[in-house]
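Structure record follows, encoded as structure tokens.
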Amino acid sequence: MSIFQLFVFLHAMNIAASFSAPSTTSAPWQGFLGSLFPSNPAENEVAARRSDLKRQLTAECSQNIGRNTPEIRRRIESVMERLAPLNPTPETAANPLLKRRWILEWTSEKEINFFLERGISKEITQTLGGDMLENNIPFVNGGGFGVTGQIRVDEESEGLLRTNFKFMNAKLDLGRWGSYNFPPVGEGWFDTIYLDEDLRIDTNSRDDILICRTEG
């Protein structure tokens, strides 16, 4: 056996012994891994707090989809105000996480709640991609209402939270009664005050709130 082979053998025996015998001190490799993946109690506490607030918000939204009263809005805003400072995503308006298909969880917008509260639609979506926005309200009995528009990041907004939008077209599909196109229906902005892999919270230029989740 060469000197090198003997060294390898003794090193392996030393590692095996460290697994089989209890020790009051950390093995060198444990210290090395600890330096690579340090535990941060403060970050863990923030993550736990964030998860708890998300569960609270989701519960409020699911119980009140299609409904908005001053008391409902007060409860939802109370959770939002505590969750927004824990937003893990900087510059939300410019972040790729924003550009996807979102499913509405709750909104204060009376025009959208009209369709939900009366059972005309069960799931409303908003899709953001490139410089385009599409709102889709499918009707349970066929057809639907959709709006498309253009979006752009407001580069001068504080924290890059703001997206400007301008609607370009609206379409009402009444199935066998035909489809009808409407001219542009408005413009404004929305601030994405919270964004992660599965939740998005917006406030907008009409003083409304939009809370969405991703699919899945």
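In the structure tokens, the first chain shown is A, the next is B, and so on; residue numbers restart at 1 for each chain, and ligands run from 1 in the order shown.
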
Please provide as a VMD selection string all residues within 9 Å of Asp196 of chain A, with the sequence filter that same-chain residues fewer than 3 positions apart are discarded (counting only C-alpha atoms). chain A and resid 87 to 89 97 to 98 199 to 200

Give me the residues near Leu160 of chain A as a list in words, where near means some atom within 8 Å (using only C-alpha atoms) and where sequence neighbours in that chain fewer than 4 positions away do not count.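 In the requested format, the answer is Glu91, Thr92, Ala93, Ala94, Val153, Asp154, Glu155 and Glu156 of chain A.
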
What would the file look like if the residues just selected were written as a short mmCIF file (atom, residue, chain, number, x, y, z; two decimals), in the first residue's frame with C-alpha atoms?
data_model
loop_
_atom_site.label_atom_id
_atom_site.label_comp_id
_atom_site.auth_asym_id
_atom_site.auth_seq_id
_atom_site.Cartn_x
_atom_site.Cartn_y
_atom_site.Cartn_z
CA GLU A 91 -39.53 46.44 -8.46
CA THR A 92 -42.67 44.40 -9.00
CA ALA A 93 -43.82 46.23 -12.13
CA ALA A 94 -40.61 45.25 -13.94
CA VAL A 153 -43.84 50.14 -16.52
CA ASP A 154 -43.92 53.62 -15.00
CA GLU A 155 -40.17 54.16 -14.77
CA GLU A 156 -40.65 57.21 -12.54
#

In Å, with one decimal, what is the gap from atom CA of Arg50 of chain A to atom CA of Ala84 of chain A?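 According to the coordinates, atom CA of Arg50 of chain A and atom CA of Ala84 of chain A are separated by 9.3 Å.
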
Between A:Asn141, A:Tyr194, A:Ser157, A:Thr127, which one has atoms that come closest to Leu53 of chain A, using only C-alpha atoms?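 Of A:Asn141, A:Tyr194, A:Ser157, A:Thr127, the one nearest Leu53 of chain A, counting only C-alpha atoms, is A:Tyr194.
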
Find the distance between atom CA of Gly129 of chain A and atom CA of Ile151 of chain A and write it in Å to one decimal. 9.0 Å

Taking into account only C-alpha atoms, which residue in the set A:Asn136, A:Arg73, A:Thr214, A:Gly149 is nearest to Val185 of chain A?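 Smallest distance to Val185 of chain A is found for A:Gly149.
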
Considering only strand (DSSP E or B) as DSSP defines it on the backbone, what residues of segment 8-196 of chain A qualify? List them as a count of residues only. 54

Rank nothing, just name the residue among A:Arg176, A:Arg162, A:Lys54, A:Lys122 nearest to Thr192 of chain A, using only C-alpha atoms. A:Arg162

Pick the closest to Ile124 of chain A from A:Asn181, A:Leu210, A:Lys166, A:Val46: which is it, counting only C-alpha atoms?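 Going through A:Asn181, A:Leu210, A:Lys166, A:Val46 one by one, the smallest distance to Ile124 of chain A is for A:Leu210.
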
Could you check which of A:Ile65, A:Ala47, A:Met80, A:Tyr180 is closest to Phe114 of chain A, using only C-alpha atoms?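 Comparing A:Ile65, A:Ala47, A:Met80, A:Tyr180 against Phe114 of chain A, the winner is A:Ile65.
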
What parts of segment 35-201 of chain A does DSSP call helix (DSSP H, G or I)? I'd like the answer as JSON, numbers by chain. {"A": [35, 36, 41, 42, 43, 44, 45, 46, 47, 48, 49, 50, 51, 52, 53, 54, 55, 56, 57, 58, 59, 60, 61, 62, 63, 70, 71, 72, 73, 74, 75, 76, 77, 78, 79, 80, 81, 82, 83, 84, 85, 86, 92, 93, 94, 96, 97, 98, 110, 111, 112, 113, 114, 115, 116, 117, 158, 159, 160, 175, 176, 177]}

Write the selection just made, keeping C-alpha atoms, as a PDB file, in the first residue's frame?
ATOM      1  CA  SER A  35     -20.824  28.373   6.436  1.00  0.00           C
ATOM      2  CA  LEU A  36     -22.382  27.685   3.043  1.00  0.00           C
ATOM      3  CA  PRO A  41     -33.549  33.251  12.477  1.00  0.00           C
ATOM      4  CA  ALA A  42     -34.738  36.693  11.352  1.00  0.00           C
ATOM      5  CA  GLU A  43     -35.368  35.517   7.774  1.00  0.00           C
ATOM      6  CA  ASN A  44     -37.128  32.405   9.024  1.00  0.00           C
ATOM      7  CA  GLU A  45     -39.370  34.530  11.212  1.00  0.00           C
ATOM      8  CA  VAL A  46     -40.256  36.824   8.283  1.00  0.00           C
ATOM      9  CA  ALA A  47     -41.048  33.838   6.048  1.00  0.00           C
ATOM     10  CA  ALA A  48     -43.303  32.323   8.720  1.00  0.00           C
ATOM     11  CA  ARG A  49     -45.075  35.636   9.233  1.00  0.00           C
ATOM     12  CA  ARG A  50     -45.531  36.053   5.485  1.00  0.00           C
ATOM     13  CA  SER A  51     -47.042  32.571   5.116  1.00  0.00           C
ATOM     14  CA  ASP A  52     -49.443  33.186   8.003  1.00  0.00           C
ATOM     15  CA  LEU A  53     -50.651  36.488   6.544  1.00  0.00           C
ATOM     16  CA  LYS A  54     -51.079  34.925   3.106  1.00  0.00           C
ATOM     17  CA  ARG A  55     -53.287  32.234   4.646  1.00  0.00           C
ATOM     18  CA  GLN A  56     -55.348  34.891   6.402  1.00  0.00           C
ATOM     19  CA  LEU A  57     -55.770  36.875   3.197  1.00  0.00           C
ATOM     20  CA  THR A  58     -56.662  33.815   1.124  1.00  0.00           C
ATOM     21  CA  ALA A  59     -59.298  32.840   3.682  1.00  0.00           C
ATOM     22  CA  GLU A  60     -60.867  36.318   3.626  1.00  0.00           C
ATOM     23  CA  CYS A  61     -60.899  36.350  -0.176  1.00  0.00           C
ATOM     24  CA  SER A  62     -62.425  32.887  -0.571  1.00  0.00           C
ATOM     25  CA  GLN A  63     -65.175  33.697   1.927  1.00  0.00           C
ATOM     26  CA  PRO A  70     -66.978  48.444   4.083  1.00  0.00           C
ATOM     27  CA  GLU A  71     -66.385  45.778   6.744  1.00  0.00           C
ATOM     28  CA  ILE A  72     -65.087  43.202   4.245  1.00  0.00           C
ATOM     29  CA  ARG A  73     -62.754  45.758   2.705  1.00  0.00           C
ATOM     30  CA  ARG A  74     -61.534  46.854   6.144  1.00  0.00           C
ATOM     31  CA  ARG A  75     -60.591  43.280   7.077  1.00  0.00           C
ATOM     32  CA  ILE A  76     -58.839  42.647   3.784  1.00  0.00           C
ATOM     33  CA  GLU A  77     -56.957  45.944   3.901  1.00  0.00           C
ATOM     34  CA  SER A  78     -55.846  45.153   7.445  1.00  0.00           C
ATOM     35  CA  VAL A  79     -54.104  41.993   6.233  1.00  0.00           C
ATOM     36  CA  MET A  80     -52.738  43.752   3.134  1.00  0.00           C
ATOM     37  CA  GLU A  81     -51.153  46.496   5.222  1.00  0.00           C
ATOM     38  CA  ARG A  82     -49.246  43.913   7.250  1.00  0.00           C
ATOM     39  CA  LEU A  83     -48.306  41.765   4.253  1.00  0.00           C
ATOM     40  CA  ALA A  84     -47.103  44.498   1.863  1.00  0.00           C
ATOM     41  CA  PRO A  85     -43.961  45.359   3.932  1.00  0.00           C
ATOM     42  CA  LEU A  86     -42.989  41.670   3.660  1.00  0.00           C
ATOM     43  CA  THR A  92     -42.673  44.401  -8.997  1.00  0.00           C
ATOM     44  CA  ALA A  93     -43.820  46.226 -12.128  1.00  0.00           C
ATOM     45  CA  ALA A  94     -40.613  45.252 -13.937  1.00  0.00           C
ATOM     46  CA  PRO A  96     -40.978  38.713 -14.809  1.00  0.00           C
ATOM     47  CA  LEU A  97     -43.174  37.135 -12.105  1.00  0.00           C
ATOM     48  CA  LEU A  98     -45.865  39.667 -12.976  1.00  0.00           C
ATOM     49  CA  LYS A 110     -68.176  46.672  -8.534  1.00  0.00           C
ATOM     50  CA  GLU A 111     -68.223  46.117 -12.313  1.00  0.00           C
ATOM     51  CA  ILE A 112     -66.417  42.789 -11.911  1.00  0.00           C
ATOM     52  CA  ASN A 113     -68.318  41.765  -8.778  1.00  0.00           C
ATOM     53  CA  PHE A 114     -71.550  42.215 -10.728  1.00  0.00           C
ATOM     54  CA  PHE A 115     -70.706  39.108 -12.788  1.00  0.00           C
ATOM     55  CA  LEU A 116     -69.586  37.045  -9.774  1.00  0.00           C
ATOM     56  CA  GLU A 117     -72.314  37.978  -7.317  1.00  0.00           C
ATOM     57  CA  GLU A 158     -41.365  54.973  -6.479  1.00  0.00           C
ATOM     58  CA  GLY A 159     -39.898  51.484  -6.159  1.00  0.00           C
ATOM     59  CA  LEU A 160     -41.028  50.598  -9.690  1.00  0.00           C
ATOM     60  CA  GLY A 175     -73.061  33.175 -28.050  1.00  0.00           C
ATOM     61  CA  ARG A 176     -75.836  32.573 -30.561  1.00  0.00           C
ATOM     62  CA  TRP A 177     -76.933  36.199 -30.190  1.00  0.00           C
TER      63      TRP A 177
END

One-decimal distance in Å that lies between atom CA of Arg152 of chain A and atom CA of Asn135 of chain A: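 Taking atom CA of Asn135 of chain A as the start and atom CA of Arg152 of chain A as the end point, the length is 16.0 Å.
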
Ranking A:Thr69, A:Glu123, A:Asn40, A:Gly188 by minimum distance to Glu215 of chain A and counting only C-alpha atoms, which one comes first? A:Glu123
